[in-house]
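A.B. asks: You'll find target-v2.csv just under this line, and it carries CSV, C-alpha atoms.
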```csv
chain,number,residue,atom,x,y,z
A,29,MET,CA,132.8,130.7,116.0
A,30,GLU,CA,135.1,128.9,118.2
A,31,GLU,CA,135.7,125.3,117.3
A,32,ASN,CA,134.5,123.9,120.7
A,33,VAL,CA,131.3,125.9,120.6
A,34,LYS,CA,130.7,124.7,117.0
A,35,LYS,CA,131.2,121.1,118.1
A,36,ALA,CA,128.8,121.6,121.0
A,37,LEU,CA,126.1,123.0,118.7
A,38,GLU,CA,126.6,120.1,116.2
A,39,PHE,CA,126.2,117.6,119.1
A,40,ALA,CA,123.0,119.4,120.3
A,41,ASN,CA,121.6,119.0,116.8
A,42,TYR,CA,122.6,115.3,116.7
A,43,GLN,CA,121.1,114.8,120.1
A,44,GLN,CA,117.7,116.4,119.0
A,45,THR,CA,117.5,114.0,116.0
A,46,LEU,CA,118.5,111.0,118.2
A,47,THR,CA,115.8,111.8,120.7
A,48,ILE,CA,113.1,112.1,118.0
A,49,GLN,CA,114.3,108.9,116.4
A,50,ARG,CA,114.0,107.1,119.8
A,51,LYS,CA,110.5,108.6,120.2
A,52,VAL,CA,109.5,107.2,116.8
A,53,LEU,CA,110.7,103.7,117.8
A,54,LYS,CA,108.8,103.9,121.0
A,55,GLU,CA,105.6,105.0,119.2
A,56,LYS,CA,106.1,102.1,116.8
A,57,VAL,CA,106.6,99.4,119.5
A,58,GLU,CA,103.6,100.8,121.5
A,59,ALA,CA,101.4,100.4,118.5
A,60,LYS,CA,102.5,96.9,117.9
A,61,LEU,CA,102.0,95.9,121.6
A,62,THR,CA,98.3,97.0,121.4
A,63,PHE,CA,95.9,94.5,119.9
A,64,GLY,CA,92.2,93.8,119.6
A,65,HIS,CA,90.6,90.6,120.9
A,66,ASN,CA,86.9,89.7,121.0
A,67,GLY,CA,85.8,93.4,121.0
A,68,GLY,CA,88.4,94.5,123.6
A,69,ILE,CA,91.7,96.3,123.3
A,70,PHE,CA,94.7,94.9,125.2
A,71,LYS,CA,98.1,96.3,125.7
A,72,ILE,CA,100.7,93.6,126.1
A,73,THR,CA,102.6,94.3,129.3
A,74,HIS,CA,104.8,92.1,131.5
A,75,SER,CA,102.1,91.9,134.1
A,76,LEU,CA,99.4,90.9,131.6
A,77,ILE,CA,101.6,88.1,130.3
A,78,ALA,CA,102.5,86.9,133.8
A,79,PHE,CA,98.8,87.1,134.9
A,80,VAL,CA,97.6,85.1,132.0
A,81,GLN,CA,100.3,82.5,132.4
A,82,MET,CA,99.4,82.2,136.1
A,83,LEU,CA,95.7,81.6,135.2
A,84,ILE,CA,96.8,78.9,132.7
A,85,ASP,CA,99.0,77.3,135.3
A,86,GLN,CA,96.0,77.1,137.7
A,87,GLY,CA,94.0,75.3,135.0
A,88,ARG,CA,91.8,78.2,134.0
A,89,VAL,CA,92.1,78.0,130.2
A,90,SER,CA,88.7,78.8,128.8
A,91,GLY,CA,85.8,81.2,129.3
A,92,VAL,CA,87.9,83.6,131.4
A,93,PRO,CA,86.9,87.3,131.6
A,94,LEU,CA,89.8,89.8,131.5
A,95,VAL,CA,89.7,93.5,132.0
A,96,ASP,CA,90.9,95.3,128.9
A,97,GLU,CA,92.6,98.7,128.4
A,98,ASN,CA,89.2,100.5,128.6
A,99,TYR,CA,88.3,98.6,131.8
A,100,ASN,CA,85.7,96.5,129.9
A,101,PRO,CA,85.4,92.9,130.9
A,102,ILE,CA,86.2,90.8,127.8
A,103,LEU,CA,85.5,87.1,127.7
A,104,ILE,CA,88.6,85.1,126.4
A,105,ASP,CA,87.4,81.8,125.0
A,106,ASN,CA,90.8,80.2,124.8
A,107,LEU,CA,93.4,81.6,127.1
A,108,GLU,CA,96.3,79.6,125.7
A,109,GLU,CA,95.7,80.9,122.2
A,110,PHE,CA,95.4,84.4,123.7
A,111,ARG,CA,98.8,84.0,125.5
A,112,ASP,CA,100.5,82.6,122.4
A,113,GLU,CA,99.2,85.6,120.4
A,114,MET,CA,100.5,88.0,123.0
A,115,LEU,CA,103.9,86.3,123.2
A,116,ASP,CA,104.3,86.2,119.4
A,117,ARG,CA,103.4,89.9,119.2
A,118,TYR,CA,105.7,90.8,122.1
A,119,PHE,CA,108.7,89.0,120.8
A,120,SER,CA,108.5,90.2,117.2
A,121,SER,CA,107.9,93.8,118.2
A,122,VAL,CA,110.4,94.0,121.0
A,123,GLN,CA,113.1,92.2,118.9
A,124,ASP,CA,112.5,94.7,116.2
A,125,TYR,CA,112.7,97.6,118.7
A,126,TYR,CA,115.9,96.2,120.2
A,127,GLU,CA,117.6,95.9,116.7
A,128,LYS,CA,116.6,99.4,115.6
A,129,TYR,CA,117.6,100.8,119.0
A,130,GLN,CA,121.1,99.2,118.7
A,131,ASP,CA,121.3,100.7,115.2
A,132,LEU,CA,120.6,104.2,116.5
A,133,LYS,CA,123.3,103.8,119.2
A,134,LYS,CA,125.9,103.1,116.5
A,135,HIS,CA,125.3,106.1,114.4
A,136,ARG,CA,127.3,109.2,115.3
A,137,SER,CA,126.0,111.7,112.8
A,138,VAL,CA,122.6,113.2,111.9
A,139,GLU,CA,122.9,111.9,108.3
A,140,LYS,CA,123.4,108.3,109.5
A,141,LEU,CA,120.6,108.6,112.1
A,142,VAL,CA,118.1,109.4,109.5
A,143,ASP,CA,119.7,107.1,106.9
A,144,LEU,CA,120.4,109.8,104.3
B,15,MET,CA,80.2,93.5,108.7
B,16,ASN,CA,81.0,95.9,105.8
B,17,LYS,CA,83.8,98.3,106.9
B,18,GLY,CA,85.8,101.0,105.1
B,19,VAL,CA,87.5,104.3,105.3
B,20,LEU,CA,85.9,107.6,104.3
B,21,ILE,CA,87.6,110.9,103.3
B,22,PHE,CA,86.1,114.3,102.7
B,23,ALA,CA,87.8,116.4,100.0
B,24,HIS,CA,86.7,119.8,98.7
B,25,ASN,CA,89.4,121.4,96.6
B,26,SER,CA,90.3,125.1,97.1
B,27,ARG,CA,92.5,127.4,95.1
B,28,ASP,CA,95.2,127.1,97.7
B,29,VAL,CA,95.1,123.4,98.7
B,30,ASP,CA,94.7,120.4,96.4
B,31,TYR,CA,92.6,118.3,98.8
B,32,ILE,CA,91.8,115.8,96.2
B,33,LEU,CA,95.4,115.0,95.7
B,34,LEU,CA,95.9,114.7,99.5
B,35,SER,CA,92.9,112.3,99.7
B,36,MET,CA,94.3,110.2,96.9
B,37,VAL,CA,97.6,109.8,98.8
B,38,SER,CA,95.8,109.1,102.0
B,39,ALA,CA,93.4,106.6,100.4
B,40,LYS,CA,96.2,104.7,98.7
B,41,LEU,CA,98.1,104.3,101.9
B,42,ALA,CA,94.9,103.3,103.9
B,43,LYS,CA,94.0,100.7,101.3
B,44,LYS,CA,97.5,99.3,101.3
B,45,ASN,CA,98.0,99.1,105.0
B,46,LEU,CA,94.5,98.5,106.4
B,47,LYS,CA,93.3,96.4,103.4
B,48,VAL,CA,89.9,97.9,103.4
B,49,PRO,CA,88.1,99.9,100.7
B,50,VAL,CA,88.1,103.7,100.8
B,51,SER,CA,85.3,106.1,99.7
B,52,LEU,CA,85.4,109.8,98.9
B,53,VAL,CA,83.0,112.6,99.7
B,54,THR,CA,83.4,115.5,97.4
B,55,ASP,CA,81.5,118.1,95.3
B,56,GLN,CA,80.8,118.8,91.6
B,57,SER,CA,83.4,121.6,91.3
B,58,THR,CA,86.1,119.3,92.6
B,59,VAL,CA,85.0,116.5,90.2
B,60,ASP,CA,85.1,119.1,87.3
B,61,TRP,CA,88.6,119.9,88.4
B,62,MET,CA,89.5,116.2,88.4
B,63,HIS,CA,88.3,115.9,84.8
B,64,LYS,CA,90.2,119.1,83.8
B,65,SER,CA,93.4,117.9,85.3
B,66,GLY,CA,93.1,114.4,83.9
B,67,ILE,CA,93.1,112.5,87.2
B,68,HIS,CA,89.4,111.4,87.3
B,69,SER,CA,90.1,107.9,86.1
B,70,LYS,CA,92.8,107.5,88.7
B,71,VAL,CA,90.4,108.8,91.4
B,72,GLU,CA,87.8,106.2,90.2
B,73,GLU,CA,90.4,103.5,90.5
B,74,ILE,CA,91.5,104.4,94.0
B,75,PHE,CA,88.1,105.0,95.6
B,76,GLU,CA,85.3,102.4,95.9
B,77,ASN,CA,82.6,105.1,95.9
B,78,ILE,CA,82.7,108.8,95.0
B,79,ILE,CA,79.9,110.4,96.9
B,80,LEU,CA,78.7,113.8,95.6
B,81,VAL,CA,77.4,116.4,98.0
B,82,ASP,CA,76.7,120.1,97.7
B,83,ARG,CA,79.8,122.1,98.4
B,84,PRO,CA,79.3,123.7,101.8
B,85,GLN,CA,79.3,127.5,101.9
B,86,THR,CA,81.9,128.7,104.3
B,87,THR,CA,83.3,131.9,105.6
B,88,ASN,CA,85.9,129.9,107.6
B,89,ARG,CA,89.5,130.9,107.1
B,90,ARG,CA,92.6,129.6,108.7
B,91,VAL,CA,96.3,130.3,108.8
B,92,LEU,CA,98.2,127.6,107.2
B,93,HIS,CA,102.0,127.3,107.4
B,94,ASP,CA,104.3,125.6,104.9
B,95,GLY,CA,107.5,125.6,106.9
B,96,THR,CA,108.4,129.2,107.5
B,97,ASP,CA,105.9,130.5,104.9
B,98,CYS,CA,102.4,131.2,105.8
B,99,SER,CA,99.0,132.2,104.3
B,100,THR,CA,95.4,132.6,105.3
B,101,ILE,CA,93.1,130.4,103.3
B,102,PRO,CA,89.4,129.5,103.1
B,103,PHE,CA,88.6,126.2,104.9
B,104,VAL,CA,85.7,124.0,103.9
B,105,ASN,CA,85.0,121.7,106.9
B,106,THR,CA,81.3,122.3,107.8
B,107,ASN,CA,79.8,119.1,106.4
B,108,ARG,CA,81.7,116.5,108.4
B,109,ASP,CA,78.7,115.8,110.6
B,110,SER,CA,76.8,114.5,107.5
B,111,VAL,CA,79.1,111.5,107.5
B,112,TYR,CA,76.6,109.2,109.2
B,113,ASP,CA,74.1,109.6,106.3
B,114,LEU,CA,76.8,109.5,103.6
B,115,THR,CA,78.8,106.5,104.5
B,116,PRO,CA,78.3,103.3,102.6
B,117,TYR,CA,79.8,101.2,105.4
B,118,ASP,CA,78.4,99.6,108.5
B,119,LYS,CA,81.6,100.5,110.4
B,120,THR,CA,83.4,103.6,109.1
B,121,LEU,CA,86.8,105.0,109.8
B,122,LEU,CA,86.6,108.7,108.9
B,123,ILE,CA,90.1,110.2,108.4
B,124,ASP,CA,91.4,113.6,107.5
B,125,SER,CA,93.0,113.8,104.0
B,126,ASP,CA,96.4,114.7,105.6
B,127,PHE,CA,96.4,111.5,107.8
B,128,LEU,CA,98.8,109.0,106.3
B,129,ILE,CA,98.4,105.4,107.4
B,130,PHE,CA,101.6,103.3,107.4
B,131,SER,CA,100.6,100.5,109.8
B,132,ASP,CA,97.7,98.2,110.5
B,133,ARG,CA,97.2,99.6,114.0
B,134,LEU,CA,93.7,100.9,113.4
B,135,ASN,CA,92.6,97.5,112.2
B,136,HIS,CA,92.5,96.3,115.9
B,137,PHE,CA,89.7,98.8,116.6
B,138,TRP,CA,87.0,97.6,114.1
B,139,GLU,CA,85.8,95.0,116.5
B,140,VAL,CA,85.7,97.2,119.6
B,141,ASP,CA,82.3,97.1,121.0
B,142,GLN,CA,81.6,100.8,121.0
B,143,PRO,CA,79.5,103.0,118.7
B,144,ILE,CA,82.0,105.8,118.4
B,145,LEU,CA,85.8,106.1,119.0
B,146,ILE,CA,87.7,109.4,118.8
B,147,PRO,CA,91.2,110.2,119.9
B,148,ASP,CA,91.4,112.1,123.2
B,149,TYR,CA,94.6,113.9,122.3
B,150,ALA,CA,97.4,114.0,119.7
B,151,THR,CA,101.1,113.1,120.1
B,152,ASP,CA,103.7,115.6,118.9
B,153,VAL,CA,106.6,114.1,117.0
B,154,ALA,CA,109.0,116.7,118.4
B,155,ILE,CA,111.0,116.2,121.6
B,156,TYR,CA,108.9,118.6,123.6
B,157,ASP,CA,105.2,118.8,123.2
B,158,ARG,CA,104.5,121.9,121.0
B,159,PHE,CA,100.8,121.8,121.4
B,160,GLY,CA,99.2,124.8,123.1
B,161,TYR,CA,96.6,124.7,125.8
B,162,HIS,CA,93.9,125.3,123.1
B,163,ASP,CA,95.0,122.2,121.3
B,164,LYS,CA,94.2,120.2,124.4
B,165,TYR,CA,91.2,122.0,125.8
B,166,ILE,CA,88.5,123.8,123.9
B,167,SER,CA,88.9,127.0,126.0
B,168,ASP,CA,90.7,128.3,129.1
B,169,THR,CA,88.1,126.9,131.3
B,170,GLY,CA,86.6,124.3,129.0
B,171,ILE,CA,86.5,120.6,128.4
B,172,LYS,CA,89.2,118.4,126.9
B,173,MET,CA,89.4,118.6,123.2
B,174,CYS,CA,89.2,115.4,121.1
B,175,TRP,CA,90.9,115.2,117.7
B,176,ALA,CA,88.5,114.4,114.9
B,177,THR,CA,91.5,113.5,112.7
B,178,THR,CA,90.3,109.9,113.0
B,179,VAL,CA,86.8,108.9,114.0
B,180,MET,CA,85.5,105.3,114.0
B,181,PHE,CA,81.7,104.8,114.2
B,182,ASP,CA,79.0,102.3,113.5
B,183,LYS,CA,75.5,102.7,112.1
B,184,SER,CA,73.8,102.5,115.5
B,185,GLU,CA,71.1,104.9,116.8
B,186,PHE,CA,73.7,106.2,119.2
B,187,SER,CA,76.0,107.2,116.4
B,188,LYS,CA,73.1,108.9,114.5
B,189,THR,CA,72.2,110.9,117.6
B,190,PHE,CA,75.9,111.8,118.1
B,191,PHE,CA,76.3,113.2,114.6
B,192,ASP,CA,72.9,115.0,114.8
B,193,LEU,CA,74.2,116.6,117.9
B,194,VAL,CA,77.4,117.6,116.1
B,195,SER,CA,75.2,119.3,113.5
B,196,HIS,CA,73.2,121.0,116.2
B,197,VAL,CA,76.4,122.4,117.8
B,198,ARG,CA,77.6,123.6,114.4
B,199,GLU,CA,74.3,125.3,113.7
B,200,ASN,CA,74.3,127.0,117.1
B,201,TYR,CA,78.0,127.5,117.3
B,202,GLU,CA,77.8,131.1,118.8
B,203,ARG,CA,75.4,129.9,121.5
B,204,TYR,CA,77.6,127.0,122.5
B,205,SER,CA,80.7,129.3,122.5
B,206,MET,CA,79.0,131.2,125.3
B,207,ILE,CA,78.2,128.1,127.3
B,208,TYR,CA,81.6,126.4,126.8
B,209,ARG,CA,83.5,129.7,126.6
B,210,PHE,CA,85.5,129.1,123.4
B,211,ASP,CA,86.5,131.4,120.6
B,212,SER,CA,83.8,131.0,117.9
B,213,ARG,CA,85.4,133.0,115.1
B,214,GLN,CA,86.5,129.9,113.3
B,215,TYR,CA,84.4,126.8,113.2
B,216,ARG,CA,86.4,123.7,114.3
B,217,ASN,CA,85.1,120.2,114.0
B,218,ASP,CA,87.3,119.2,116.9
B,219,ILE,CA,85.3,121.6,119.2
B,220,ALA,CA,81.9,120.5,117.9
B,221,PHE,CA,82.8,116.8,118.3
B,222,SER,CA,84.2,117.5,121.8
B,223,ILE,CA,81.0,119.2,122.9
B,224,ALA,CA,78.8,116.5,121.3
B,225,ARG,CA,80.8,113.8,123.1
B,226,HIS,CA,80.6,115.7,126.4
B,227,LEU,CA,76.8,116.0,126.1
B,228,MET,CA,76.2,112.4,124.8
B,229,PHE,CA,78.2,110.9,127.6
B,230,GLY,CA,76.2,112.7,130.3
B,231,PHE,CA,78.8,115.4,130.9
B,232,ASP,CA,81.3,112.8,131.9
B,233,THR,CA,84.9,113.7,130.9
B,234,SER,CA,86.6,110.4,131.7
B,235,TYR,CA,86.1,108.8,128.3
B,236,ALA,CA,87.5,105.3,128.3
B,237,HIS,CA,87.0,104.4,124.6
B,238,THR,CA,89.3,106.3,122.3
B,239,LEU,CA,91.3,105.7,119.2
B,240,PRO,CA,95.1,106.0,119.4
B,241,PRO,CA,96.3,109.7,119.4
B,242,PRO,CA,97.4,110.8,116.0
B,243,TYR,CA,101.2,111.1,115.7
B,244,THR,CA,101.4,114.6,114.4
B,245,THR,CA,103.9,116.8,112.6
B,246,LEU,CA,102.8,120.5,112.6
B,247,ASP,CA,102.4,122.7,109.5
B,248,ARG,CA,105.7,124.4,110.4
B,249,ASP,CA,107.5,121.1,109.9
B,250,VAL,CA,108.4,120.2,106.4
B,251,LEU,CA,108.3,116.8,104.7
B,252,VAL,CA,111.5,116.9,102.6
B,253,ASP,CA,111.9,113.5,101.2
B,254,VAL,CA,110.1,110.2,100.7
B,255,LYS,CA,112.2,107.0,100.3
B,256,ASN,CA,111.1,104.0,98.4
B,257,ASN,CA,111.0,101.9,101.6
B,258,GLY,CA,108.4,104.3,103.1
B,259,ASP,CA,110.8,106.4,105.2
B,260,LEU,CA,109.6,110.0,105.5
B,261,LYS,CA,112.3,112.6,106.1
B,262,PHE,CA,111.0,115.6,108.0
B,263,LEU,CA,112.5,118.9,109.1
B,264,ILE,CA,111.2,119.5,112.6
B,265,THR,CA,111.2,122.9,114.2
B,266,GLN,CA,111.3,122.6,118.0
B,267,HIS,CA,110.7,126.3,118.8
B,268,PHE,CA,108.7,127.6,115.8
B,269,ASP,CA,111.7,129.4,114.5
B,270,ASP,CA,113.9,128.8,111.4
B,271,LYS,CA,116.1,126.3,113.2
B,272,TYR,CA,115.2,122.8,112.1
B,273,CYS,CA,116.4,119.3,112.9
B,274,LEU,CA,116.1,116.2,110.8
B,275,ALA,CA,113.9,113.3,111.6
B,276,SER,CA,113.0,110.1,109.8
B,277,ILE,CA,109.6,108.5,110.4
B,278,SER,CA,108.5,105.1,109.1
B,279,GLY,CA,106.1,102.4,110.0
B,280,VAL,CA,103.8,104.6,112.1
B,281,ASP,CA,100.6,106.4,111.1
B,282,VAL,CA,101.3,110.1,110.8
B,283,HIS,CA,99.2,113.2,110.7
B,284,VAL,CA,101.1,115.6,108.4
B,285,MET,CA,99.6,119.1,109.0
B,286,ASN,CA,101.8,120.7,106.4
B,287,LYS,CA,99.5,119.9,103.4
B,288,GLN,CA,101.7,121.5,100.8
B,289,SER,CA,104.5,119.1,101.9
B,290,ILE,CA,102.2,116.2,101.0
B,291,VAL,CA,101.3,117.8,97.6
B,292,ARG,CA,105.0,118.2,96.7
B,293,HIS,CA,105.7,114.5,97.4
B,294,ALA,CA,102.3,113.1,96.3
B,295,ASP,CA,103.8,111.1,93.3
B,296,LYS,CA,106.3,109.3,95.5
B,297,LEU,CA,103.8,108.7,98.3
B,298,MET,CA,101.4,107.1,95.9
B,299,GLU,CA,104.0,104.7,94.7
B,300,LEU,CA,104.7,103.3,98.2
```
Please go through the file and, once you have read it, give me the structure as structure tokens.
C.D. replies:
Amino acid sequence: MEENVKKALEFANYQQTLTIQRKVLKEKVEAKLTFGHNGGIFKITHSLIAFVQMLIDQGRVSGVPLVDENYNPILIDNLEEFRDEMLDRYFSSVQDYYEKYQDLKKHRSVEKLVDL
Amino acid sequence: MNKGVLIFAHNSRDVDYILLSMVSAKLAKKNLKVPVSLVTDQSTVDWMHKSGIHSKVEEIFENIILVDRPQTTNRRVLHDGTDCSTIPFVNTNRDSVYDLTPYDKTLLIDSDFLIFSDRLNHFWEVDQPILIPDYATDVAIYDRFGYHDKYISDTGIKMCWATTVMFDKSEFSKTFFDLVSHVRENYERYSMIYRFDSRQYRNDIAFSIARHLMFGFDTSYAHTLPPPYTTLDRDVLVDVKNNGDLKFLITQHFDDKYCLASISGVDVHVMNKQSIVRHADKLMEL
């Protein structure tokens, strides 16, 4: 096989593994950004964080119903605690996602990508 | 509220389901921090004694619940990478779970579902009697699931994945599982109504129909569990690292061309059962 074709096939193989590894990281961060609260399931998104902060800024801090992932109204007793939990989860999981993603970008072989 | 995980395991000559359930139970206990119980039959318990693992099984499981071994004519094709065989498949008593479970809230999992995160812990408090995943996610780049992994037939309803099912002890749940039994007992009849292939009994299909009926023929189910992250039986688990990294060979096009992947920190449904058996010792040490 010609050298350039061999190189291209090797790169294709590397690219497949890289894509799967990125998918695994995405699955992991999505799992960490989903959390249960008072019988509801919430996904931490930028819009949820901003909306909750806006409610707090307007003085609505307790007994606020929010619509969860399943479109159920869930009563949040303490909105500030709810926001803090979201932010803690958001930063720890996205920081981890960032670090692992940067790690992947550095690796230029299949062996290194899967840490063999 | 008393909550826990339940696993069914009926050994066959071809697959050591009890070993799979031990691996799955140990990981569930470690990562969800809840007790795990086992549903099995006398012949499987006899085998545990013979092979000297009974005391280990007793140590892992909070309860060992004995039931009659279901009679089955079910057979399925099971791959182990590029190898393949047709084996008997005992899966017809899953609907008895409501009466068997010792827990108020139960997470029923397949013995090939390996829990590496606390993700499912968020769902215990969800105010719903039954939660079932609506679909599964493939680990490969492109989705390798066929149409009949997503719908029960060409013209049928969406298929849920009974790999993980969370339910409570409510009247609703009881009716649901009674309905699953009814669908199983009248499988041929329901195959004509829902137009699916009835040659092999599938829990996924019976659960999907029961859910369709129970929810008033509504197909927009809002309450589900996360889709199981799934490696197919043609993929091969090749190594387990001490830090919990699982190394897989993934085939994108069902041929003999594989690419390497490393999965860690996420719950994973490993459909290649022999792969788990080969690495059972290492998996149980994690």
A.B. asks: Using only C-alpha atoms, tabulate the residues of chain B lying at most 12 Å from any atom of chain A, each with its closest atom pair and that distance in Å to one decimal, by chain and increasing residue number, as a Markdown table.
C.D. replies:
```
| residue | atom | partner | partner_atom | distance |
| --- | --- | --- | --- | --- |
| B:Phe130 | CA | A:Lys56 | CA | 10.5 |
| B:Ser131 | CA | A:Ala59 | CA | 8.7 |
| B:Asp132 | CA | A:Lys60 | CA | 8.9 |
| B:Arg133 | CA | A:Ala59 | CA | 6.2 |
| B:Leu134 | CA | A:Ala59 | CA | 9.2 |
| B:Asn135 | CA | A:Gly64 | CA | 8.3 |
| B:His136 | CA | A:Gly64 | CA | 4.5 |
| B:Phe137 | CA | A:Gly64 | CA | 6.3 |
| B:Trp138 | CA | A:Gly67 | CA | 8.2 |
| B:Glu139 | CA | A:Gly67 | CA | 4.8 |
| B:Val140 | CA | A:Gly67 | CA | 4.1 |
| B:Asp141 | CA | A:Gly67 | CA | 5.1 |
| B:Gln142 | CA | A:Gly67 | CA | 8.5 |
| B:Pro143 | CA | A:Gly67 | CA | 11.7 |
| B:Leu145 | CA | A:Asn98 | CA | 11.6 |
| B:Thr151 | CA | A:Glu55 | CA | 9.3 |
| B:Asp152 | CA | A:Lys51 | CA | 9.8 |
| B:Val153 | CA | A:Ile48 | CA | 6.9 |
| B:Ala154 | CA | A:Ile48 | CA | 6.2 |
| B:Ile155 | CA | A:Ile48 | CA | 5.8 |
| B:Tyr156 | CA | A:Ile48 | CA | 9.6 |
| B:Asp157 | CA | A:Ile48 | CA | 11.6 |
| B:Ser234 | CA | A:Asn98 | CA | 10.7 |
| B:Tyr235 | CA | A:Asn98 | CA | 8.9 |
| B:Ala236 | CA | A:Asn98 | CA | 5.1 |
| B:His237 | CA | A:Asn98 | CA | 6.0 |
| B:Thr238 | CA | A:Asn98 | CA | 8.6 |
| B:Leu239 | CA | A:Ile69 | CA | 10.3 |
| B:Pro240 | CA | A:Ala59 | CA | 8.5 |
| B:Pro241 | CA | A:Glu55 | CA | 10.4 |
| B:Pro242 | CA | A:Glu55 | CA | 10.5 |
| B:Tyr243 | CA | A:Glu55 | CA | 8.3 |
| B:Thr244 | CA | A:Val52 | CA | 11.2 |
| B:Thr245 | CA | A:Ile48 | CA | 11.7 |
| B:Val252 | CA | A:Leu144 | CA | 11.5 |
| B:Asp253 | CA | A:Leu144 | CA | 9.8 |
| B:Val254 | CA | A:Leu144 | CA | 10.9 |
| B:Lys255 | CA | A:Leu144 | CA | 9.5 |
| B:Asn257 | CA | A:Asp143 | CA | 11.4 |
| B:Asp259 | CA | A:Val142 | CA | 9.0 |
| B:Leu260 | CA | A:Val142 | CA | 9.4 |
| B:Lys261 | CA | A:Val142 | CA | 7.4 |
| B:Phe262 | CA | A:Val142 | CA | 9.5 |
| B:Leu263 | CA | A:Thr45 | CA | 9.8 |
| B:Ile264 | CA | A:Thr45 | CA | 9.0 |
| B:Thr265 | CA | A:Gln44 | CA | 10.4 |
| B:Gln266 | CA | A:Gln44 | CA | 9.0 |
| B:Lys271 | CA | A:Asn41 | CA | 9.8 |
| B:Tyr272 | CA | A:Asn41 | CA | 8.8 |
| B:Cys273 | CA | A:Thr45 | CA | 6.2 |
| B:Leu274 | CA | A:Thr45 | CA | 5.8 |
| B:Ala275 | CA | A:Thr45 | CA | 5.7 |
| B:Ser276 | CA | A:Val142 | CA | 5.2 |
| B:Ile277 | CA | A:Val52 | CA | 6.5 |
| B:Ser278 | CA | A:Val52 | CA | 8.0 |
| B:Gly279 | CA | A:Lys56 | CA | 6.8 |
| B:Val280 | CA | A:Lys56 | CA | 5.8 |
| B:Asp281 | CA | A:Lys56 | CA | 9.0 |
| B:Val282 | CA | A:Val52 | CA | 10.6 |
```
A.B. asks: Would you kindly identify which residues have an atom no farther than 9 Å from (79.1, 120.5, 106.4), using all atoms listed in the file and the file's own coordinates, and write them out as a PyMOL selection string?
C.D. replies: chain B and resi 83-86+104-110+195+198
A.B. asks: What does the structure give for the distance between atom CA of B:Ala176 and atom CA of B:Leu52, in Å to one decimal?
C.D. replies: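 So the answer is 16.9 Å.
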A.B. asks: Which residues, written as a list in words, have at least one atom at most 9 Å from A:Phe110, with all atoms listed in the file counted and residues fewer than 5 positions away on the same chain left out?
C.D. replies: His65, Val80, Ile104, Asp105 and Leu115 of chain A
A.B. asks: Just give me the gap between atom CA of A:Gly91 and atom CA of B:Met15 in Å, one decimal is fine.
C.D. replies: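 Atom CA of A:Gly91 sits 24.6 Å away from atom CA of B:Met15.
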A.B. asks: Mind giving me the straight-line distance from atom CA of B:Trp61 to atom CA of B:Arg89 in Å, one decimal?
C.D. replies: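 Answer for the atom CA of B:Trp61 to atom CA of B:Arg89 separation: 21.7 Å.
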A.B. asks: Which neighbours of B:Thr177 fall inside 10 Å, counting only C-alpha atoms, when residues of the same chain fewer than 3 positions from it are skipped, and could you give them as a PyMOL selection string?
C.D. replies: chain B and resi 122-127+146-147+150+174+217-218+241-242+283
A.B. asks: Would you save the residues from that selection as an mmCIF file, in the coordinates of the input, using C-alpha atoms?
C.D. replies:
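File selection-v5.cif, as written:
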```cif
data_model
loop_
_atom_site.group_PDB
_atom_site.id
_atom_site.type_symbol
_atom_site.label_atom_id
_atom_site.label_comp_id
_atom_site.auth_asym_id
_atom_site.auth_seq_id
_atom_site.Cartn_x
_atom_site.Cartn_y
_atom_site.Cartn_z
ATOM 1 C CA LEU B 122 86.600 108.700 108.900
ATOM 2 C CA ILE B 123 90.100 110.200 108.400
ATOM 3 C CA ASP B 124 91.400 113.600 107.500
ATOM 4 C CA SER B 125 93.000 113.800 104.000
ATOM 5 C CA ASP B 126 96.400 114.700 105.600
ATOM 6 C CA PHE B 127 96.400 111.500 107.800
ATOM 7 C CA ILE B 146 87.700 109.400 118.800
ATOM 8 C CA PRO B 147 91.200 110.200 119.900
ATOM 9 C CA ALA B 150 97.400 114.000 119.700
ATOM 10 C CA CYS B 174 89.200 115.400 121.100
ATOM 11 C CA ASN B 217 85.100 120.200 114.000
ATOM 12 C CA ASP B 218 87.300 119.200 116.900
ATOM 13 C CA PRO B 241 96.300 109.700 119.400
ATOM 14 C CA PRO B 242 97.400 110.800 116.000
ATOM 15 C CA HIS B 283 99.200 113.200 110.700
#
```
A.B. asks: Which neighbours of A:Pro93 fall inside 7 Å, counting only C-alpha atoms, when residues of the same chain fewer than 4 positions from it are skipped, and could you give them as a ChimeraX atom specification?
C.D. replies: /A:101-104
A.B. asks: Would you mind telling me which residue in B:Ala39, B:Val179, B:Ala224, B:Leu128 lies nearest to B:Leu193 when using all atoms listed in the file?
C.D. replies: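 Residue with the minimum atom-to-atom distance to B:Leu193: B:Ala224.
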A.B. asks: Within 10 Å of (88.6, 103.2, 92.7) (coordinates as in the file), grab all the protein and nucleic acid residues, counting only C-alpha atoms, and write them out as a compact mmCIF listing (two decimals) with C-alpha atoms, in the frame of the given file.
C.D. replies:
```
# COMPACT_ATOMS: atom_id res chain seq x y z
CA MET B 36 94.30 110.20 96.90
CA ALA B 39 93.40 106.60 100.40
CA LYS B 40 96.20 104.70 98.70
CA PRO B 49 88.10 99.90 100.70
CA VAL B 50 88.10 103.70 100.80
CA SER B 51 85.30 106.10 99.70
CA LEU B 52 85.40 109.80 98.90
CA HIS B 68 89.40 111.40 87.30
CA SER B 69 90.10 107.90 86.10
CA LYS B 70 92.80 107.50 88.70
CA VAL B 71 90.40 108.80 91.40
CA GLU B 72 87.80 106.20 90.20
CA GLU B 73 90.40 103.50 90.50
CA ILE B 74 91.50 104.40 94.00
CA PHE B 75 88.10 105.00 95.60
CA GLU B 76 85.30 102.40 95.90
CA ASN B 77 82.60 105.10 95.90
CA ILE B 78 82.70 108.80 95.00
```
